[in-house]
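Data first, discussion second: the structure below is written as structure tokens.
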2 protein chains.
Amino acid sequence: MHKTLTDKVINRLTLYHSILSDYIEKKIEYISSPQIAEFLHVDNTQVRKDIAMIGYKGKCKVGYKTDELKNQIEEALKFKTVKTAVIVGAGNLGMALAKYDNFEAYGFKITAMFDNDPQKIGIKINDKEVFNLTELMEIKEKFGVKIAILTVPRKFAQEVTDFLVKSGIKYIWNFTPCVLSVPCDIQVWNENLIGNFLQFTVDVDDN
Amino acid sequence: MHKTLTDKVINRLTLYHSILSDYIEKKIEYISSPQIAEFLHVDNTQVRKDIAMIGYKGKCKVGYKTDELKNQIEEALKFKTVKTAVIVGAGNLGMALAKYDNFEAYGFKITAMFDNDPQKIGIKINDKEVFNLTELMEIKEKFGVKIAILTVPRKFAQEVTDFLVKSGIKYIWNFTPCVLSVPCDIQVWNENLIGNFLQFTVDVDDN
């Protein structure tokens, strides 16, 4: 058992996980907190604190065992729990996400895509078939889909959301720039790219 | 002058901004904190606190004036400061970002795209021309580019990053799943989609 992890800790742990995957691929058995810290330009005290939060301890002088720490992060963040999702909107962003194989490593299983363009129905993007949105309910039941990744154009965002809610989708990962109106029992995660990035560019100017 | 805003406050303020834009489009003059709170399923005390942080006050009973609050957010988050950027990698994700007109509203000006695929050089995506990466230095100088949005495939991420750094790019918005190794004076913002989303799916399971 470990304490509730904050958003920032979770975010950093996934980055450590990515570094560990690279190390393991290169058959490197140990990594130290200063090594991790250097990659991310953070303080190594922070790295040690984050890792202690998930109940893992390094060995004096040699550091963390790469495979053990990777496993521990996967357990803490439930990467092994399968989270079945569909992508709604087979435009550029939807296709980019469908091609993003890394989702699987985190337990996200994208089972299908949806669009209303007849030209797109039936094609496969990275083994994911594009279906007509009218078939959502059936596919949702068949695969036990809980999450919809919404990548439709802005003007259709609310209308499609209403349909997702009616079809029984409970979690919406919203990539549109719209703030969606949904009932209280529906969880919306606004993937607010600009909001995330803005904090980082506060000191960029056009001088 | 207002206090330093945390990541979360900035994130919420951009969402309020989006709601305000919709209201203004519908010619609605006032909005209350409970109305904003309802859209985002947050507490209205939170909304009031965030808005007080940027030094804006609502009017008793009627709430906030939509156009004034929108302006105040834009000022606080420096949306009017032009931040010149290029997209490196003209694949699906790069193209999706190039088509995302909302960037401009936040002060991001995407001046060009880069790729190494001869088939893509010279095409225009939403008025943004795709250039060969070898021309980066020249275009960077011409337009005063500070930011590179990195959307190349995983296996080229580090190599291209080294080239960006050599070309004098100071800020990298990293959409690849790699943790990049860069000198200390280069700022990397890891757009860690999975990390952002994971916290939201902790209670989703496959039962």
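The way I read the labels, and the way they are meant: chains A, B, ... in the order of the structure tokens, residue 1 as the first residue of every chain, and ligand 1 as the first ligand shown, with later ones counted on from there.
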
Name the residues of range 58-154 of chain B that come out as strand (DSSP E) in a backbone DSSP run; write them as a count of residues only. 27

Starting from chain B, keep only residues with some atom at most 8 Å from an atom of chain A, counting only C-alpha atoms, and report them as JSON, numbers by chain. {"B": [7, 10, 11, 12, 14, 15, 18, 19, 39, 40, 41, 77, 78, 81, 82, 83, 84, 91, 92, 93, 95, 96, 97, 102, 103, 106, 144, 146, 173, 177, 178, 179, 180, 181, 182, 184, 189, 191, 192, 193, 194, 195, 196, 197, 198, 199, 200, 202, 204, 205, 206]}

Could you pull out all residues of range 2-32 of chain B with a DSSP call of helix (DSSP H, G or I) and give them as a list in words?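 After running DSSP on the backbone, range 2-32 of chain B has helix (DSSP H, G or I) at Asp7, Lys8, Val9, Ile10, Asn11, Arg12, Leu13, Thr14, Leu15, Tyr16, His17, Ser18, Ile19, Leu20, Ser21, Asp22, Tyr23, Ile24 and Glu25 of chain B.
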
Would you output that residue set with all heavy atoms, as a compact mmCIF listing (two decimals), in the first residue's frame?
# COMPACT_ATOMS: atom_id res chain seq x y z
N ASP B 7 0.54 25.28 -12.23
CA ASP B 7 0.15 24.58 -13.46
C ASP B 7 -1.35 24.35 -13.51
O ASP B 7 -1.99 24.52 -14.55
CB ASP B 7 0.81 23.19 -13.53
CG ASP B 7 2.32 23.27 -13.41
OD1 ASP B 7 2.85 24.39 -13.35
OD2 ASP B 7 2.95 22.20 -13.36
N LYS B 8 -1.90 23.94 -12.39
CA LYS B 8 -3.32 23.59 -12.36
C LYS B 8 -4.20 24.81 -12.56
O LYS B 8 -5.23 24.73 -13.23
CB LYS B 8 -3.68 22.93 -11.03
CG LYS B 8 -3.10 21.54 -10.94
CD LYS B 8 -3.84 20.72 -9.91
CE LYS B 8 -3.41 19.27 -10.04
NZ LYS B 8 -4.10 18.42 -9.11
N VAL B 9 -3.80 25.93 -11.97
CA VAL B 9 -4.57 27.16 -12.14
C VAL B 9 -4.53 27.60 -13.61
O VAL B 9 -5.55 27.91 -14.21
CB VAL B 9 -4.05 28.29 -11.21
CG1 VAL B 9 -4.80 29.58 -11.47
CG2 VAL B 9 -4.19 27.88 -9.75
N ILE B 10 -3.33 27.55 -14.19
CA ILE B 10 -3.17 27.92 -15.61
C ILE B 10 -4.07 27.03 -16.47
O ILE B 10 -4.79 27.50 -17.35
CB ILE B 10 -1.70 27.79 -16.06
CG1 ILE B 10 -0.84 28.84 -15.34
CG2 ILE B 10 -1.57 27.95 -17.57
CD1 ILE B 10 0.64 28.76 -15.63
N ASN B 11 -4.03 25.73 -16.16
CA ASN B 11 -4.84 24.78 -16.92
C ASN B 11 -6.32 25.13 -16.84
O ASN B 11 -7.02 25.17 -17.85
CB ASN B 11 -4.57 23.37 -16.36
CG ASN B 11 -4.70 22.32 -17.42
OD1 ASN B 11 -5.68 22.32 -18.17
ND2 ASN B 11 -3.74 21.44 -17.53
N ARG B 12 -6.79 25.40 -15.62
CA ARG B 12 -8.22 25.74 -15.48
C ARG B 12 -8.55 27.07 -16.15
O ARG B 12 -9.59 27.19 -16.80
CB ARG B 12 -8.60 25.78 -14.00
CG ARG B 12 -8.83 24.39 -13.39
CD ARG B 12 -9.53 24.48 -12.04
NE ARG B 12 -8.76 25.26 -11.09
CZ ARG B 12 -7.87 24.72 -10.23
NH1 ARG B 12 -7.66 23.42 -10.19
NH2 ARG B 12 -7.21 25.50 -9.40
N LEU B 13 -7.65 28.04 -16.03
CA LEU B 13 -7.92 29.35 -16.64
C LEU B 13 -8.10 29.22 -18.16
O LEU B 13 -8.94 29.89 -18.75
CB LEU B 13 -6.79 30.35 -16.32
CG LEU B 13 -6.77 30.90 -14.88
CD1 LEU B 13 -5.48 31.69 -14.63
CD2 LEU B 13 -7.98 31.79 -14.60
N THR B 14 -7.30 28.34 -18.79
CA THR B 14 -7.48 28.17 -20.25
C THR B 14 -8.83 27.54 -20.55
O THR B 14 -9.43 27.82 -21.58
CB THR B 14 -6.36 27.33 -20.89
OG1 THR B 14 -6.34 26.05 -20.27
CG2 THR B 14 -5.01 27.98 -20.74
N LEU B 15 -9.32 26.69 -19.65
CA LEU B 15 -10.65 26.10 -19.85
C LEU B 15 -11.74 27.16 -19.66
O LEU B 15 -12.70 27.22 -20.42
CB LEU B 15 -10.86 24.91 -18.91
CG LEU B 15 -9.96 23.70 -19.18
CD1 LEU B 15 -10.11 22.65 -18.09
CD2 LEU B 15 -10.25 23.06 -20.54
N TYR B 16 -11.58 28.03 -18.65
CA TYR B 16 -12.54 29.13 -18.48
C TYR B 16 -12.55 29.98 -19.74
O TYR B 16 -13.60 30.41 -20.22
CB TYR B 16 -12.18 30.04 -17.28
CG TYR B 16 -12.00 29.36 -15.94
CD1 TYR B 16 -11.36 30.01 -14.89
CD2 TYR B 16 -12.47 28.07 -15.71
CE1 TYR B 16 -11.19 29.40 -13.65
CE2 TYR B 16 -12.30 27.45 -14.48
CZ TYR B 16 -11.65 28.12 -13.46
OH TYR B 16 -11.47 27.52 -12.25
N HIS B 17 -11.35 30.21 -20.27
CA HIS B 17 -11.21 31.02 -21.48
C HIS B 17 -12.02 30.42 -22.63
O HIS B 17 -12.69 31.14 -23.38
CB HIS B 17 -9.72 31.11 -21.84
CG HIS B 17 -9.41 32.00 -23.00
ND1 HIS B 17 -9.30 31.52 -24.28
CD2 HIS B 17 -9.23 33.34 -23.07
CE1 HIS B 17 -9.03 32.54 -25.09
NE2 HIS B 17 -9.00 33.65 -24.39
N SER B 18 -11.95 29.12 -22.74
CA SER B 18 -12.69 28.42 -23.80
C SER B 18 -14.21 28.59 -23.62
O SER B 18 -14.95 28.85 -24.57
CB SER B 18 -12.28 26.94 -23.80
OG SER B 18 -13.03 26.21 -24.69
N ILE B 19 -14.66 28.46 -22.37
CA ILE B 19 -16.09 28.64 -22.07
C ILE B 19 -16.50 30.09 -22.39
O ILE B 19 -17.54 30.33 -23.00
CB ILE B 19 -16.37 28.33 -20.58
CG1 ILE B 19 -16.09 26.85 -20.30
CG2 ILE B 19 -17.81 28.69 -20.19
CD1 ILE B 19 -16.07 26.49 -18.81
N LEU B 20 -15.66 31.04 -22.00
CA LEU B 20 -15.96 32.45 -22.24
C LEU B 20 -16.08 32.75 -23.73
O LEU B 20 -16.97 33.48 -24.16
CB LEU B 20 -14.88 33.34 -21.60
CG LEU B 20 -14.90 33.37 -20.07
CD1 LEU B 20 -13.60 33.92 -19.51
CD2 LEU B 20 -16.09 34.19 -19.55
N SER B 21 -15.20 32.14 -24.53
CA SER B 21 -15.26 32.34 -25.98
C SER B 21 -16.61 31.89 -26.52
O SER B 21 -17.21 32.58 -27.36
CB SER B 21 -14.15 31.56 -26.69
OG SER B 21 -12.89 31.95 -26.20
N ASP B 22 -17.08 30.74 -26.04
CA ASP B 22 -18.40 30.24 -26.47
C ASP B 22 -19.51 31.21 -26.06
O ASP B 22 -20.40 31.49 -26.85
CB ASP B 22 -18.69 28.88 -25.81
CG ASP B 22 -18.01 27.73 -26.55
OD1 ASP B 22 -17.44 27.97 -27.64
OD2 ASP B 22 -18.05 26.60 -26.03
N TYR B 23 -19.45 31.68 -24.83
CA TYR B 23 -20.47 32.62 -24.34
C TYR B 23 -20.47 33.90 -25.16
O TYR B 23 -21.53 34.40 -25.53
CB TYR B 23 -20.23 32.95 -22.86
CG TYR B 23 -21.02 32.07 -21.92
CD1 TYR B 23 -20.87 30.68 -21.93
CD2 TYR B 23 -21.94 32.61 -21.02
CE1 TYR B 23 -21.60 29.88 -21.08
CE2 TYR B 23 -22.68 31.81 -20.16
CZ TYR B 23 -22.49 30.45 -20.20
OH TYR B 23 -23.23 29.66 -19.35
N ILE B 24 -19.29 34.42 -25.45
CA ILE B 24 -19.19 35.67 -26.20
C ILE B 24 -19.74 35.47 -27.61
O ILE B 24 -20.46 36.31 -28.15
CB ILE B 24 -17.73 36.19 -26.21
CG1 ILE B 24 -17.37 36.67 -24.80
CG2 ILE B 24 -17.54 37.32 -27.22
CD1 ILE B 24 -15.90 36.90 -24.56
N GLU B 25 -19.42 34.31 -28.19
CA GLU B 25 -19.96 33.98 -29.51
C GLU B 25 -21.49 34.00 -29.50
O GLU B 25 -22.13 34.41 -30.45
CB GLU B 25 -19.44 32.61 -29.93
CG GLU B 25 -19.23 32.45 -31.43
CD GLU B 25 -18.60 31.11 -31.76
OE1 GLU B 25 -17.42 30.90 -31.41
OE2 GLU B 25 -19.30 30.25 -32.31

Can you tell me, as JSON, numbers by chain, what residues are no more than 12 Å from Ile123 in chain A when counting only C-alpha atoms, ignoring any on the same chain fewer than 6 positions away? {"A": [90, 95, 112, 113, 114, 115, 117, 129, 130, 131, 132]}

Those same residues - C-alpha atoms - I'd like them written as a compact mmCIF listing (two decimals), in the first residue's frame.
# COMPACT_ATOMS: atom_id res chain seq x y z
CA ALA A 90 -10.62 9.20 -37.60
CA MET A 95 -5.04 8.34 -36.71
CA ALA A 112 -11.92 0.29 -32.67
CA MET A 113 -12.27 3.70 -34.28
CA PHE A 114 -15.41 5.54 -35.30
CA ASP A 115 -16.19 8.14 -37.92
CA ASP A 117 -17.24 9.59 -43.31
CA GLU A 129 -11.02 -0.89 -37.89
CA VAL A 130 -13.02 2.29 -38.49
CA PHE A 131 -16.75 1.77 -37.88
CA ASN A 132 -19.75 3.99 -38.38

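With only C-alpha atoms as the basis for measurement, B:Ala148 is the residue among B:Cys60, B:Leu69, B:Ala148, B:Leu133 that approaches Ala85 in chain B most closely.
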
What is the distance between CA of Phe163 in chain A and CA of Ile121 in chain A, in Å to one decimal? 18.3 Å

Separation of CA of Glu104 in chain B from CA of Gln158 in chain A, in Å and rounded to one decimal: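 Atom-to-atom, CA of Glu104 in chain B and CA of Gln158 in chain A are spaced 22.4 Å apart.
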
Residues within 10 Å of Met137 in chain B, please, as a short mmCIF file (atom, residue, chain, number, x, y, z; two decimals) with N, CA, C and O atoms, in the first residue's frame. Count only C-alpha atoms; anything in the same chain fewer than 4 positions from it doesn't count.
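Contents of the output file result-v2.cif:
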data_model
loop_
_atom_site.label_atom_id
_atom_site.label_comp_id
_atom_site.auth_asym_id
_atom_site.auth_seq_id
_atom_site.Cartn_x
_atom_site.Cartn_y
_atom_site.Cartn_z
N LEU B 133 14.56 19.38 -43.32
CA LEU B 133 15.13 19.72 -42.02
C LEU B 133 16.44 20.51 -42.15
O LEU B 133 16.79 21.31 -41.29
N GLU B 141 16.22 31.63 -38.26
CA GLU B 141 16.74 33.00 -38.22
C GLU B 141 15.72 33.97 -38.83
O GLU B 141 15.46 35.03 -38.28
N LYS B 142 15.14 33.55 -39.95
CA LYS B 142 14.23 34.44 -40.69
C LYS B 142 13.01 34.81 -39.85
O LYS B 142 12.58 35.95 -39.84
N VAL B 145 12.36 31.87 -34.71
CA VAL B 145 11.74 30.70 -34.08
C VAL B 145 12.47 30.33 -32.80
O VAL B 145 13.70 30.24 -32.79
N PHE B 163 20.06 17.70 -33.51
CA PHE B 163 20.11 18.66 -34.62
C PHE B 163 19.41 19.97 -34.26
O PHE B 163 19.90 21.07 -34.57
N LEU B 164 18.29 19.87 -33.57
CA LEU B 164 17.55 21.08 -33.14
C LEU B 164 18.42 21.93 -32.23
O LEU B 164 18.51 23.14 -32.36
N LYS B 166 21.67 21.92 -31.98
CA LYS B 166 22.79 22.47 -32.76
C LYS B 166 22.33 23.68 -33.59
O LYS B 166 23.09 24.61 -33.83
N SER B 167 21.06 23.66 -33.97
CA SER B 167 20.52 24.76 -34.79
C SER B 167 20.09 25.95 -33.94
O SER B 167 19.62 26.96 -34.48
N GLY B 168 20.20 25.83 -32.62
CA GLY B 168 19.90 26.97 -31.76
C GLY B 168 18.47 27.04 -31.22
O GLY B 168 18.07 28.05 -30.66
N ILE B 169 17.70 25.97 -31.37
CA ILE B 169 16.36 25.92 -30.78
C ILE B 169 16.51 25.83 -29.25
O ILE B 169 17.34 25.08 -28.76
#
